[in-house]
$ cat model17.pdb   # PDB, C-alpha atoms
ATOM      1  CA  MET A1339      -8.552  11.210 -30.762
ATOM      2  CA  ALA A1340      -7.798  11.524 -27.038
ATOM      3  CA  ASP A1341      -5.741   8.350 -26.986
ATOM      4  CA  GLN A1342      -3.387   9.536 -29.739
ATOM      5  CA  LEU A1343       0.169  10.405 -28.730
ATOM      6  CA  SER A1344       1.053  14.073 -28.782
ATOM      7  CA  GLU A1345       4.061  15.325 -30.732
ATOM      8  CA  GLY A1346       5.914  15.727 -27.458
ATOM      9  CA  GLU A1347       5.174  12.146 -26.422
ATOM     10  CA  ALA A1348       6.151  10.823 -29.830
ATOM     11  CA  ALA A1349       9.499  12.594 -29.540
ATOM     12  CA  LEU A1350      10.048  11.483 -25.931
ATOM     13  CA  TYR A1351       9.238   7.836 -26.623
ATOM     14  CA  ASP A1352      10.765   7.707 -30.119
ATOM     15  CA  ARG A1353      13.170   4.834 -29.430
ATOM     16  CA  GLN A1354      10.618   2.590 -27.723
ATOM     17  CA  LEU A1355       7.977   3.349 -30.358
ATOM     18  CA  ARG A1356      10.389   1.822 -32.851
ATOM     19  CA  LEU A1357      10.693  -1.204 -30.597
ATOM     20  CA  TRP A1358       7.089  -2.009 -29.682
ATOM     21  CA  GLY A1359       4.909   0.371 -31.717
ATOM     22  CA  VAL A1360       2.365   3.129 -31.191
ATOM     23  CA  GLU A1361      -0.498   0.873 -30.092
ATOM     24  CA  ALA A1362       1.586  -0.664 -27.300
ATOM     25  CA  GLN A1363       2.661   2.798 -26.139
ATOM     26  CA  GLN A1364      -0.958   3.958 -26.040
ATOM     27  CA  LYS A1365      -1.830   0.958 -23.860
ATOM     28  CA  LEU A1366       1.087   1.750 -21.578
ATOM     29  CA  ARG A1367      -0.142   5.330 -21.246
ATOM     30  CA  SER A1368      -3.403   4.073 -19.743
ATOM     31  CA  THR A1369      -1.804   1.557 -17.341
ATOM     32  CA  ARG A1370      -1.937   2.321 -13.617
ATOM     33  CA  VAL A1371       0.676   0.604 -11.461
ATOM     34  CA  MET A1372       1.068   0.201  -7.707
ATOM     35  CA  VAL A1373       4.501  -0.619  -6.303
ATOM     36  CA  GLY A1374       4.590  -1.723  -2.673
ATOM     37  CA  GLY A1375       7.969  -1.825  -0.942
ATOM     38  CA  MET A1376      10.373   0.973  -1.860
ATOM     39  CA  SER A1377      13.554  -1.003  -1.376
ATOM     40  CA  ALA A1378      16.359  -0.978  -3.964
ATOM     41  CA  LEU A1379      14.245  -3.376  -6.044
ATOM     42  CA  GLY A1380      11.179  -1.154  -5.755
ATOM     43  CA  ALA A1381      13.226   1.853  -6.859
ATOM     44  CA  GLU A1382      14.533   0.010  -9.924
ATOM     45  CA  VAL A1383      11.058  -1.092 -10.970
ATOM     46  CA  CYS A1384       9.566   2.378 -10.480
ATOM     47  CA  LYS A1385      12.348   3.969 -12.545
ATOM     48  CA  ASN A1386      11.863   1.492 -15.399
ATOM     49  CA  ILE A1387       8.102   1.773 -15.655
ATOM     50  CA  VAL A1388       8.031   5.567 -15.279
ATOM     51  CA  LEU A1389      10.542   5.910 -18.112
ATOM     52  CA  SER A1390       8.414   3.553 -20.235
ATOM     53  CA  GLY A1391       5.480   5.989 -20.021
ATOM     54  CA  VAL A1392       2.737   4.364 -17.956
ATOM     55  CA  CYS A1393      -0.231   6.443 -16.817
ATOM     56  CA  SER A1394       0.585   6.488 -13.112
ATOM     57  CA  VAL A1395       2.732   4.922 -10.404
ATOM     58  CA  THR A1396       1.688   4.846  -6.759
ATOM     59  CA  MET A1397       4.412   3.866  -4.300
ATOM     60  CA  VAL A1398       3.238   2.219  -1.083
ATOM     61  CA  ASP A1399       5.500   1.838   1.942
ATOM     62  CA  HIS A1400       5.186   2.459   5.675
ATOM     63  CA  ARG A1401       8.886   1.935   6.367
ATOM     64  CA  LYS A1402      11.467   4.639   7.012
ATOM     65  CA  LEU A1403      14.622   5.165   4.961
ATOM     66  CA  THR A1404      17.707   3.843   6.753
ATOM     67  CA  GLU A1405      21.413   3.716   5.959
ATOM     68  CA  LYS A1406      20.966   0.098   4.850
ATOM     69  CA  ASP A1407      18.711   1.313   2.007
ATOM     70  CA  ILE A1408      21.487   3.461   0.522
ATOM     71  CA  PRO A1409      22.853   3.469  -2.180
ATOM     72  CA  GLY A1410      20.448   0.906  -3.697
ATOM     73  CA  GLN A1411      17.399   3.079  -3.061
ATOM     74  CA  PHE A1412      18.595   5.831  -5.397
ATOM     75  CA  LEU A1413      15.240   7.653  -5.660
ATOM     76  CA  ALA A1414      15.377   8.951  -2.087
ATOM     77  CA  PRO A1415      17.938  11.739  -1.458
ATOM     78  CA  PHE A1416      20.609  11.228   1.206
ATOM     79  CA  ASP A1417      19.048  13.844   3.482
ATOM     80  CA  SER A1418      15.842  11.772   3.663
ATOM     81  CA  LEU A1419      17.127   9.329   6.294
ATOM     82  CA  GLY A1420      14.375   8.696   8.813
ATOM     83  CA  LYS A1421      11.643   9.786   6.411
ATOM     84  CA  ASN A1422       9.080   7.556   4.728
ATOM     85  CA  ARG A1423      10.669   5.678   1.805
ATOM     86  CA  ALA A1424       7.741   6.203  -0.566
ATOM     87  CA  ALA A1425       7.210   9.895   0.172
ATOM     88  CA  ALA A1426      10.945  10.575  -0.070
ATOM     89  CA  SER A1427      11.012   9.066  -3.573
ATOM     90  CA  VAL A1428       8.227  11.113  -5.175
ATOM     91  CA  GLN A1429      10.199  14.160  -6.319
ATOM     92  CA  LYS A1430      13.044  12.349  -8.061
ATOM     93  CA  LEU A1431      10.761   9.742  -9.639
ATOM     94  CA  SER A1432       8.460  12.474 -10.980
ATOM     95  CA  SER A1433      11.422  14.271 -12.521
ATOM     96  CA  LEU A1434      12.258  11.222 -14.673
ATOM     97  CA  ASN A1435       9.066  11.640 -16.713
ATOM     98  CA  PRO A1436       6.663  14.538 -16.048
ATOM     99  CA  ASN A1437       4.014  12.799 -18.186
ATOM    100  CA  VAL A1438       3.543  10.107 -15.507
ATOM    101  CA  LYS A1439       1.481  10.780 -12.378
ATOM    102  CA  VAL A1440       3.460   9.796  -9.265
ATOM    103  CA  ALA A1441       2.008   9.442  -5.762
ATOM    104  CA  ALA A1442       2.925   7.946  -2.385
ATOM    105  CA  GLU A1443       0.852   6.037   0.173
ATOM    106  CA  GLU A1444       2.391   5.742   3.653
ATOM    107  CA  ARG A1445       0.037   3.198   5.191
ATOM    108  CA  PRO A1446       1.164  -0.429   5.601
ATOM    109  CA  VAL A1447      -0.124  -2.756   2.881
ATOM    110  CA  ALA A1448      -1.764  -4.828   5.630
ATOM    111  CA  ASP A1449      -3.902  -1.800   6.588
ATOM    112  CA  LEU A1450      -5.118  -1.068   3.059
ATOM    113  CA  GLU A1451      -8.740  -1.911   2.358
ATOM    114  CA  ASN A1452      -9.260  -4.227  -0.619
ATOM    115  CA  SER A1453     -10.949  -1.479  -2.597
ATOM    116  CA  PHE A1454      -7.636   0.409  -2.609
ATOM    117  CA  PHE A1455      -6.268  -2.072  -5.175
ATOM    118  CA  ASP A1456      -9.223  -1.509  -7.510
ATOM    119  CA  SER A1457      -7.565   1.692  -8.743
ATOM    120  CA  PHE A1458      -4.743  -0.228 -10.452
ATOM    121  CA  ASP A1459      -4.211  -2.469 -13.439
ATOM    122  CA  ILE A1460      -0.999  -3.986 -12.030
ATOM    123  CA  VAL A1461      -0.090  -4.451  -8.358
ATOM    124  CA  CYS A1462       3.546  -5.167  -7.414
ATOM    125  CA  LEU A1463       4.783  -6.113  -3.935
ATOM    126  CA  PHE A1464       8.454  -6.428  -3.026
ATOM    127  CA  ASP A1465       9.925  -7.734   0.237
ATOM    128  CA  TYR A1466       6.669  -8.753   1.897
ATOM    129  CA  PRO A1467       5.735 -11.900   3.870
ATOM    130  CA  PHE A1468       4.243 -14.790   1.901
ATOM    131  CA  ALA A1469       0.978 -14.467   3.863
ATOM    132  CA  GLU A1470       0.601 -10.847   2.705
ATOM    133  CA  LEU A1471       1.478 -11.743  -0.888
ATOM    134  CA  SER A1472      -1.099 -14.539  -0.856
ATOM    135  CA  ARG A1473      -3.838 -12.273   0.551
ATOM    136  CA  VAL A1474      -3.290  -9.443  -1.915
ATOM    137  CA  ASP A1475      -2.897 -11.786  -4.875
ATOM    138  CA  ALA A1476      -6.150 -13.577  -4.037
ATOM    139  CA  TYR A1477      -8.040 -10.287  -4.164
ATOM    140  CA  CYS A1478      -6.281  -9.064  -7.306
ATOM    141  CA  ARG A1479      -6.960 -12.365  -9.048
ATOM    142  CA  SER A1480     -10.676 -12.100  -8.202
ATOM    143  CA  LYS A1481     -10.718  -8.616  -9.774
ATOM    144  CA  LYS A1482      -8.565  -9.531 -12.806
ATOM    145  CA  ILE A1483      -5.775  -7.236 -11.621
ATOM    146  CA  VAL A1484      -2.281  -8.411 -12.572
ATOM    147  CA  PHE A1485      -0.142  -9.302  -9.559
ATOM    148  CA  ILE A1486       3.669  -9.345  -9.460
ATOM    149  CA  ALA A1487       5.827 -10.140  -6.424
ATOM    150  CA  GLY A1488       9.573 -10.196  -5.967
ATOM    151  CA  ASP A1489      12.536  -9.798  -3.666
ATOM    152  CA  THR A1490      16.318  -9.807  -3.507
ATOM    153  CA  ILE A1491      18.100 -12.015  -0.968
ATOM    154  CA  GLY A1492      21.808 -11.280  -0.893
ATOM    155  CA  SER A1493      23.229 -12.576  -4.165
ATOM    156  CA  PHE A1494      19.850 -13.914  -5.306
ATOM    157  CA  GLY A1495      16.654 -12.427  -6.662
ATOM    158  CA  TRP A1496      13.242 -13.587  -7.847
ATOM    159  CA  MET A1497       9.974 -12.520  -9.433
ATOM    160  CA  PHE A1498       6.579 -14.259  -9.348
ATOM    161  CA  SER A1499       3.714 -13.246 -11.626
ATOM    162  CA  ASP A1500       0.016 -14.079 -11.544
ATOM    163  CA  LEU A1501      -1.742 -12.837 -14.670
ATOM    164  CA  GLY A1502      -4.924 -14.763 -13.920
ATOM    165  CA  SER A1503      -6.512 -17.941 -15.224
ATOM    166  CA  SER A1504      -6.940 -16.575 -18.760
ATOM    167  CA  PHE A1505      -4.444 -14.005 -20.020
ATOM    168  CA  TYR A1506      -4.724 -13.272 -23.725
ATOM    169  CA  CYS A1507      -1.732 -11.952 -25.665
ATOM    170  CA  THR A1508      -0.018 -12.220 -29.020
ATOM    171  CA  SER A1509       3.558 -12.800 -30.103
ATOM    172  CA  GLU A1510       5.398 -12.345 -33.379
ATOM    173  CA  VAL A1511       7.736 -14.802 -35.069
ATOM    174  CA  VAL A1512       9.835 -13.777 -38.050
ATOM    175  CA  ASN A1513      11.029 -16.500 -40.426
ATOM    176  CA  ILE A1514      12.956 -16.343 -43.676
ATOM    177  CA  LYS A1515      11.109 -17.836 -46.651
ATOM    178  CA  ASP A1516      12.479 -17.624 -50.201
ATOM    179  CA  GLY A1517      14.897 -14.965 -49.031
ATOM    180  CA  GLN A1518      12.093 -12.815 -47.620
ATOM    181  CA  LYS A1519      11.148 -12.090 -43.994
ATOM    182  CA  VAL A1520       7.724 -13.533 -43.160
ATOM    183  CA  LYS A1521       6.089 -12.318 -39.977
ATOM    184  CA  THR A1522       3.603 -14.611 -38.197
ATOM    185  CA  VAL A1523       1.419 -13.388 -35.348
ATOM    186  CA  ASN A1524       0.440 -16.079 -32.845
ATOM    187  CA  SER A1525      -2.343 -15.802 -30.283
ATOM    188  CA  HIS A1526      -2.067 -17.206 -26.756
ATOM    189  CA  ASP A1527      -4.485 -17.772 -23.899
ATOM    190  CA  LEU A1528      -2.328 -18.401 -20.818
ATOM    191  CA  ASN A1529      -3.209 -19.792 -17.396
ATOM    192  CA  PHE A1530      -1.194 -18.610 -14.379
ATOM    193  CA  LYS A1531      -1.214 -20.100 -10.894
ATOM    194  CA  SER A1532      -2.074 -17.962  -7.903
ATOM    195  CA  PHE A1533       0.581 -17.300  -5.270
ATOM    196  CA  ASP A1534      -1.346 -19.499  -2.881
ATOM    197  CA  GLU A1535      -1.382 -22.412  -5.328
ATOM    198  CA  ALA A1536       2.352 -22.108  -5.937
ATOM    199  CA  PHE A1537       3.638 -21.508  -2.416
ATOM    200  CA  SER A1538       1.045 -22.574   0.152
ATOM    201  CA  ASN A1539       0.491 -26.119  -1.020
ATOM    202  CA  SER A1540       2.909 -28.497   0.730
ATOM    203  CA  GLU A1541       3.266 -30.876  -2.203
ATOM    204  CA  SER A1542       3.831 -28.015  -4.659
ATOM    205  CA  MET A1543       6.441 -26.485  -2.375
ATOM    206  CA  LYS A1544       8.245 -29.790  -2.015
ATOM    207  CA  ASN A1545       8.614 -29.937  -5.791
ATOM    208  CA  ASN A1546       9.473 -26.247  -6.109
ATOM    209  CA  LEU A1547      12.247 -26.473  -3.521
ATOM    210  CA  GLN A1548      14.038 -28.941  -5.757
ATOM    211  CA  LYS A1549      13.601 -26.866  -8.923
ATOM    212  CA  SER A1550      15.700 -23.885  -7.871
ATOM    213  CA  GLU A1551      17.922 -22.757  -5.000
ATOM    214  CA  ILE A1552      16.172 -19.373  -5.221
ATOM    215  CA  VAL A1553      12.829 -20.889  -4.157
ATOM    216  CA  PHE A1554      14.568 -22.251  -1.084
ATOM    217  CA  MET A1555      16.098 -18.858  -0.273
ATOM    218  CA  ALA A1556      12.732 -17.129  -0.622
ATOM    219  CA  LEU A1557      11.010 -19.652   1.635
ATOM    220  CA  LEU A1558      13.851 -19.604   4.158
ATOM    221  CA  LYS A1559      13.665 -15.824   4.486
ATOM    222  CA  ASP A1560       9.896 -15.913   4.871
ATOM    223  CA  ARG A1561      10.019 -18.610   7.562
ATOM    224  CA  PHE A1562      12.873 -16.877   9.395
ATOM    225  CA  CYS A1563      11.192 -13.464   9.435
ATOM    226  CA  ALA A1564       7.866 -14.936  10.568
ATOM    227  CA  ASP A1565       9.371 -14.992  14.073
ATOM    228  CA  GLU A1566       9.400 -11.305  15.005
ATOM    229  CA  ASN A1567      11.921 -11.951  17.784
ATOM    230  CA  ARG A1568      14.612 -12.851  15.253
ATOM    231  CA  GLY A1569      14.980  -9.434  13.680
ATOM    232  CA  SER A1570      16.285  -8.764  10.179
ATOM    233  CA  PHE A1571      17.209 -11.630   7.858
ATOM    234  CA  ARG A1572      20.417  -9.798   6.932
ATOM    235  CA  ASP A1573      21.449  -9.842  10.598
ATOM    236  CA  ALA A1574      20.593 -13.511  11.061
ATOM    237  CA  SER A1575      22.852 -15.728  13.154
ATOM    238  CA  PHE A1576      23.815 -19.107  11.770
ATOM    239  CA  PRO A1577      22.287 -21.063  14.696
ATOM    240  CA  ALA A1578      18.942 -19.367  14.047
ATOM    241  CA  LEU A1579      19.255 -19.994  10.300
ATOM    242  CA  ALA A1580      20.165 -23.632  10.873
ATOM    243  CA  GLU A1581      17.064 -24.065  13.014
ATOM    244  CA  THR A1582      14.884 -22.631  10.222
ATOM    245  CA  VAL A1583      16.582 -24.840   7.602
ATOM    246  CA  ARG A1584      15.877 -27.951   9.670
ATOM    247  CA  GLN A1585      12.238 -26.907  10.044
ATOM    248  CA  VAL A1586      11.870 -26.394   6.271
ATOM    249  CA  SER A1587      13.444 -29.797   5.659
ATOM    250  CA  LYS A1588      11.012 -31.428   8.090
ATOM    251  CA  ASP A1589       7.864 -29.575   6.992
ATOM    252  CA  PHE A1590       8.333 -30.346   3.300
ATOM    253  CA  ASP A1591      10.000 -33.740   3.662
ATOM    254  CA  VAL A1592      13.116 -32.684   1.751
ATOM    255  CA  PRO A1593      16.427 -34.189   3.002
ATOM    256  CA  LEU A1594      18.882 -31.607   4.321
ATOM    257  CA  GLU A1595      21.530 -32.726   1.853
ATOM    258  CA  LYS A1596      19.225 -31.746  -1.021
ATOM    259  CA  LEU A1597      18.878 -28.160   0.222
ATOM    260  CA  PRO A1598      21.498 -25.598  -0.932
ATOM    261  CA  THR A1599      22.746 -24.797   2.562
ATOM    262  CA  ASP A1600      26.202 -23.977   1.191
ATOM    263  CA  LEU A1601      24.754 -20.714  -0.161
ATOM    264  CA  LEU A1602      23.519 -19.337   3.169
ATOM    265  CA  CYS A1603      26.421 -16.896   3.550
ATOM    266  CA  ASP A1604      25.577 -15.381   0.193
ATOM    267  CA  ALA A1605      21.894 -15.124   1.115
ATOM    268  CA  ILE A1606      22.306 -13.076   4.301
ATOM    269  CA  MET A1607      24.853 -10.606   2.994
ATOM    270  CA  SER A1608      23.712  -7.022   2.413
ATOM    271  CA  LYS A1609      21.346  -6.636  -0.504
ATOM    272  CA  SER A1610      23.146  -6.183  -3.796
ATOM    273  CA  ALA A1611      22.260  -3.179  -5.943
ATOM    274  CA  GLU A1612      23.357  -5.212  -8.978
ATOM    275  CA  VAL A1613      20.831  -7.976  -8.201
ATOM    276  CA  SER A1614      18.085  -5.368  -7.809
ATOM    277  CA  ALA A1615      19.053  -3.843 -11.170
ATOM    278  CA  VAL A1616      18.779  -7.199 -12.952
ATOM    279  CA  VAL A1617      15.515  -8.310 -11.337
ATOM    280  CA  GLY A1618      14.062  -4.798 -11.572
ATOM    281  CA  GLY A1619      14.844  -4.716 -15.274
ATOM    282  CA  ILE A1620      13.036  -7.999 -15.814
ATOM    283  CA  ILE A1621      10.003  -6.844 -13.839
ATOM    284  CA  GLY A1622       9.901  -3.566 -15.746
ATOM    285  CA  ARG A1623       9.899  -5.491 -19.008
ATOM    286  CA  GLU A1624       7.099  -7.760 -17.735
ATOM    287  CA  VAL A1625       4.971  -4.702 -16.911
ATOM    288  CA  ILE A1626       5.418  -3.543 -20.504
ATOM    289  CA  LYS A1627       4.455  -6.999 -21.823
ATOM    290  CA  VAL A1628       1.362  -7.107 -19.630
ATOM    291  CA  ALA A1629       0.234  -3.640 -20.686
ATOM    292  CA  SER A1630       0.865  -4.092 -24.414
ATOM    293  CA  ARG A1631      -0.067  -7.786 -24.641
ATOM    294  CA  ASN A1632       2.124  -8.148 -27.721
ATOM    295  CA  SER A1633       4.784 -10.450 -26.238
ATOM    296  CA  LEU A1634       4.748 -13.677 -24.250
ATOM    297  CA  PRO A1635       5.142 -12.965 -20.513
ATOM    298  CA  LEU A1636       7.292 -15.114 -18.242
ATOM    299  CA  ASN A1637       5.236 -17.901 -16.672
ATOM    300  CA  ASN A1638       5.654 -17.717 -13.746
ATOM    301  CA  PHE A1639       8.848 -17.585 -11.611
ATOM    302  CA  PHE A1640      12.034 -15.787 -12.655
ATOM    303  CA  CYS A1641      15.140 -16.444 -10.584
ATOM    304  CA  PHE A1642      18.595 -14.848 -10.725
ATOM    305  CA  ASN A1643      21.834 -16.140  -9.201
ATOM    306  CA  GLN A1644      24.522 -13.459  -9.169
ATOM    307  CA  LEU A1645      27.221 -15.912  -8.043
ATOM    308  CA  GLU A1646      26.869 -17.895 -11.264
ATOM    309  CA  SER A1647      25.600 -15.025 -13.419
ATOM    310  CA  THR A1648      22.644 -17.211 -14.400
ATOM    311  CA  ALA A1649      18.929 -16.586 -14.752
ATOM    312  CA  ARG A1650      16.117 -19.066 -15.261
ATOM    313  CA  VAL A1651      12.360 -19.123 -15.634
ATOM    314  CA  ILE A1652      10.592 -22.033 -13.960
ATOM    315  CA  SER A1653       6.957 -22.929 -13.423
ATOM    316  CA  VAL A1654       6.102 -23.162  -9.734
TER     317      VAL A1654
END

$ encode --input "model17.pdb" --output "structure tokens"
Amino acid sequence: MADQLSEGEAALYDRQLRLWGVEAQQKLRSTRVMVGGMSALGAEVCKNIVLSGVCSVTMVDHRKLTEKDIPGQFLAPFDSLGKNRAAASVQKLSSLNPNVKVAAEERPVADLENSFFDSFDIVCLFDYPFAELSRVDAYCRSKKIVFIAGDTIGSFGWMFSDLGSSFYCTSEVVNIKDGQKVKTVNSHDLNFKSFDEAFSNSESMKNNLQKSEIVFMALLKDRFCADENRGSFRDASFPALAETVRQVSKDFDVPLEKLPTDLLCDAIMSKSAEVSAVVGGIIGREVIKVASRNSLPLNNFFCFNQLESTARVISV
């Protein structure tokens, strides 16, 4: 059969076949993934999913590689400064697993026609404005394409997933009965919120802001960067940040004292490669779950705080 693993593939994926089985690996082999935003986080995710053995990975990015991207963006060689981040990453990413088709698209996500996303089973966007995430997710949701978003903000990182209104998967539970292991397979039909439902509704955002400091950091960065005259979030001045914080407090009716303003210094520091590694590892694992459908995915917001070495999953 065409979908059977070759001897070479079986040898290459031997360790993961023992972990999640042949059927899951076959599903992975037919999964097409788009990764938009070849930052350090994008590089981590691409590495993880290429090594897992998906069918193809298409990197999308219109931005050029700068010194601020290094060393976190390890897929692009040092002599690629000034070149497109996606195109510069193709050769090294391809070398990690020749069985996976790797391509680059240099147009901005905002310029991509909706039909472009039809070629993928999973669409990931990292370090994009909320408005762009909402637009792309709305289309993907209408086409039953899995959507994953994420970003790193200094010492913090997050992932949001929209697997649609009805995502079917199974999970296994092993119990000990009469000294014997008894495996039970449970079926699940999960409902995920869209990005718009989670982050564009004022009442939802008011509640979400009080669930996690990471939600606040994500919203603060988005609001700050919406003003093109302010420049990069990492180069933000405290007066400009304070103005944005006050606006968030006013717009969502959340008292200033309830917002984690004491963490602002840690949010505007240079992006941490360690945070990207943690969040990228989680996202890579979620891609595997989505493709194989044999484990419960995270529903729907993963957040990581490097300062406290803590990670949580909340529903936003």

$ resolve_selection --input "model17.pdb" --expression "the PyMOL selection byres ((chain A and resi 1631) around 9)" --output "PDB file with C-alpha atoms, keeping the file's coordinate frame"
ATOM      1  CA  ALA A1362       1.586  -0.664 -27.300  1.00  0.00           C
ATOM      2  CA  LYS A1365      -1.830   0.958 -23.860  1.00  0.00           C
ATOM      3  CA  PHE A1505      -4.444 -14.005 -20.020  1.00  0.00           C
ATOM      4  CA  TYR A1506      -4.724 -13.272 -23.725  1.00  0.00           C
ATOM      5  CA  CYS A1507      -1.732 -11.952 -25.665  1.00  0.00           C
ATOM      6  CA  THR A1508      -0.018 -12.220 -29.020  1.00  0.00           C
ATOM      7  CA  SER A1509       3.558 -12.800 -30.103  1.00  0.00           C
ATOM      8  CA  ILE A1626       5.418  -3.543 -20.504  1.00  0.00           C
ATOM      9  CA  LYS A1627       4.455  -6.999 -21.823  1.00  0.00           C
ATOM     10  CA  VAL A1628       1.362  -7.107 -19.630  1.00  0.00           C
ATOM     11  CA  ALA A1629       0.234  -3.640 -20.686  1.00  0.00           C
ATOM     12  CA  SER A1630       0.865  -4.092 -24.414  1.00  0.00           C
ATOM     13  CA  ASN A1632       2.124  -8.148 -27.721  1.00  0.00           C
ATOM     14  CA  SER A1633       4.784 -10.450 -26.238  1.00  0.00           C
ATOM     15  CA  LEU A1634       4.748 -13.677 -24.250  1.00  0.00           C
ATOM     16  CA  PRO A1635       5.142 -12.965 -20.513  1.00  0.00           C
TER      17      PRO A1635
END

$ resolve_selection --input "model17.pdb" --expression "the PyMOL selection byres ((chain A and resi 1401-1413) around 6)" --output "ChimeraX atom specification"
/A:1377-1378,1381,1399-1400,1414,1419-1423,1427,1430,1611

$ write_last_selection --input "model17.pdb" --atoms "C-alpha atoms" --output "short mmCIF file (atom, residue, chain, number, x, y, z; two decimals), keeping the file's coordinate frame"
data_model
loop_
_atom_site.label_atom_id
_atom_site.label_comp_id
_atom_site.auth_asym_id
_atom_site.auth_seq_id
_atom_site.Cartn_x
_atom_site.Cartn_y
_atom_site.Cartn_z
CA SER A 1377 13.55 -1.00 -1.38
CA ALA A 1378 16.36 -0.98 -3.96
CA ALA A 1381 13.23 1.85 -6.86
CA ASP A 1399 5.50 1.84 1.94
CA HIS A 1400 5.19 2.46 5.68
CA ALA A 1414 15.38 8.95 -2.09
CA LEU A 1419 17.13 9.33 6.29
CA GLY A 1420 14.38 8.70 8.81
CA LYS A 1421 11.64 9.79 6.41
CA ASN A 1422 9.08 7.56 4.73
CA ARG A 1423 10.67 5.68 1.80
CA SER A 1427 11.01 9.07 -3.57
CA LYS A 1430 13.04 12.35 -8.06
CA ALA A 1611 22.26 -3.18 -5.94
#

$ residues_near_point --input "model17.pdb" --point "(9.0, -33.0, 5.4)" --cutoff "12 Å" --atoms "all atoms listed in the file" --output "PyMOL selection string"
chain A and resi 1540-1541+1543-1545+1547+1583-1594

$ closest_residue --input "model17.pdb" --among "A:Asn1529, A:Ser1368, A:Ser1614, A:Gln1363" --to "Leu1501 (chain A)" --atoms "all atoms listed in the file"
A:Asn1529

$ closest_atom_pairs --input "model17.pdb" --of "region 1487-1521 of chain A" --to "region 1467-1483 of chain A" --cutoff "12 Å" --atoms "only C-alpha atoms" --output "Markdown table"
| residue | atom | partner | partner_atom | distance |
| --- | --- | --- | --- | --- |
| A:Ala1487 | CA | A:Leu1471 | CA | 7.2 |
| A:Gly1488 | CA | A:Leu1471 | CA | 9.7 |
| A:Asp1489 | CA | A:Pro1467 | CA | 10.4 |
| A:Phe1498 | CA | A:Leu1471 | CA | 10.2 |
| A:Ser1499 | CA | A:Asp1475 | CA | 9.6 |
| A:Asp1500 | CA | A:Arg1479 | CA | 7.6 |
| A:Leu1501 | CA | A:Ile1483 | CA | 7.5 |
| A:Gly1502 | CA | A:Arg1479 | CA | 5.8 |
| A:Ser1503 | CA | A:Arg1479 | CA | 8.3 |
| A:Ser1504 | CA | A:Lys1482 | CA | 9.4 |
| A:Phe1505 | CA | A:Lys1482 | CA | 9.4 |

$ resolve_selection --input "model17.pdb" --expression "the PyMOL selection byres ((chain A and resi 1576) around 12)" --output "NGL selection string"
:A and (1562 or 1568 or 1571-1575 or 1577-1583 or 1599-1600 or 1602-1603 or 1605-1606)

$ closest_residue --input "model17.pdb" --among "A:Val1392, A:Leu1431, A:Ala1442, A:Leu1463" --to "Gly1374 (chain A)" --atoms "only C-alpha atoms"
A:Leu1463

$ closest_residue --input "model17.pdb" --among "A:Glu1510, A:Asp1449, A:Asp1459, A:Glu1382" --to "Thr1522 (chain A)" --atoms "all atoms listed in the file"
A:Glu1510

$ atom_distance --input "model17.pdb" --atom1 "CA of Cys1462 (chain A)" --atom2 "CA of Ser1433 (chain A)"
21.6 Å

$ residues_around --input "model17.pdb" --residues "Asn1386 (chain A)" --least-positions-apart "4" --cutoff "9 Å" --atoms "all atoms listed in the file" --output "VMD selection string"
chain A and resid 1381 to 1382 1390 1618 to 1619 1621 to 1623

$ atom_distance --input "model17.pdb" --atom1 "CA of Asp1604 (chain A)" --atom2 "CA of Ala1424 (chain A)"
28.0 Å

$ build_atoms --input "model17.pdb" --residues "region 1621-1627 of chain A" --atoms "N, CA, C and O atoms" --output "PDB file, in the frame of the given file"
ATOM      1  N   ILE A1621      11.368  -7.182 -14.245  1.00  0.00           N
ATOM      2  CA  ILE A1621      10.003  -6.844 -13.839  1.00  0.00           C
ATOM      3  C   ILE A1621       9.471  -5.673 -14.656  1.00  0.00           C
ATOM      4  O   ILE A1621       8.306  -5.659 -15.073  1.00  0.00           O
ATOM      5  N   GLY A1622      10.319  -4.689 -14.910  1.00  0.00           N
ATOM      6  CA  GLY A1622       9.901  -3.566 -15.746  1.00  0.00           C
ATOM      7  C   GLY A1622       9.479  -4.026 -17.124  1.00  0.00           C
ATOM      8  O   GLY A1622       8.465  -3.568 -17.676  1.00  0.00           O
ATOM      9  N   ARG A1623      10.236  -4.947 -17.686  1.00  0.00           N
ATOM     10  CA  ARG A1623       9.899  -5.491 -19.008  1.00  0.00           C
ATOM     11  C   ARG A1623       8.584  -6.277 -18.960  1.00  0.00           C
ATOM     12  O   ARG A1623       7.776  -6.211 -19.899  1.00  0.00           O
ATOM     13  N   GLU A1624       8.354  -7.005 -17.860  1.00  0.00           N
ATOM     14  CA  GLU A1624       7.099  -7.760 -17.735  1.00  0.00           C
ATOM     15  C   GLU A1624       5.892  -6.824 -17.645  1.00  0.00           C
ATOM     16  O   GLU A1624       4.824  -7.127 -18.178  1.00  0.00           O
ATOM     17  N   VAL A1625       6.054  -5.691 -16.969  1.00  0.00           N
ATOM     18  CA  VAL A1625       4.971  -4.702 -16.911  1.00  0.00           C
ATOM     19  C   VAL A1625       4.626  -4.221 -18.316  1.00  0.00           C
ATOM     20  O   VAL A1625       3.447  -4.087 -18.680  1.00  0.00           O
ATOM     21  N   ILE A1626       5.638  -3.980 -19.122  1.00  0.00           N
ATOM     22  CA  ILE A1626       5.418  -3.543 -20.504  1.00  0.00           C
ATOM     23  C   ILE A1626       4.700  -4.634 -21.301  1.00  0.00           C
ATOM     24  O   ILE A1626       3.767  -4.356 -22.062  1.00  0.00           O
ATOM     25  N   LYS A1627       5.109  -5.881 -21.128  1.00  0.00           N
ATOM     26  CA  LYS A1627       4.455  -6.999 -21.823  1.00  0.00           C
ATOM     27  C   LYS A1627       2.985  -7.102 -21.432  1.00  0.00           C
ATOM     28  O   LYS A1627       2.108  -7.309 -22.282  1.00  0.00           O
TER      29      LYS A1627
END
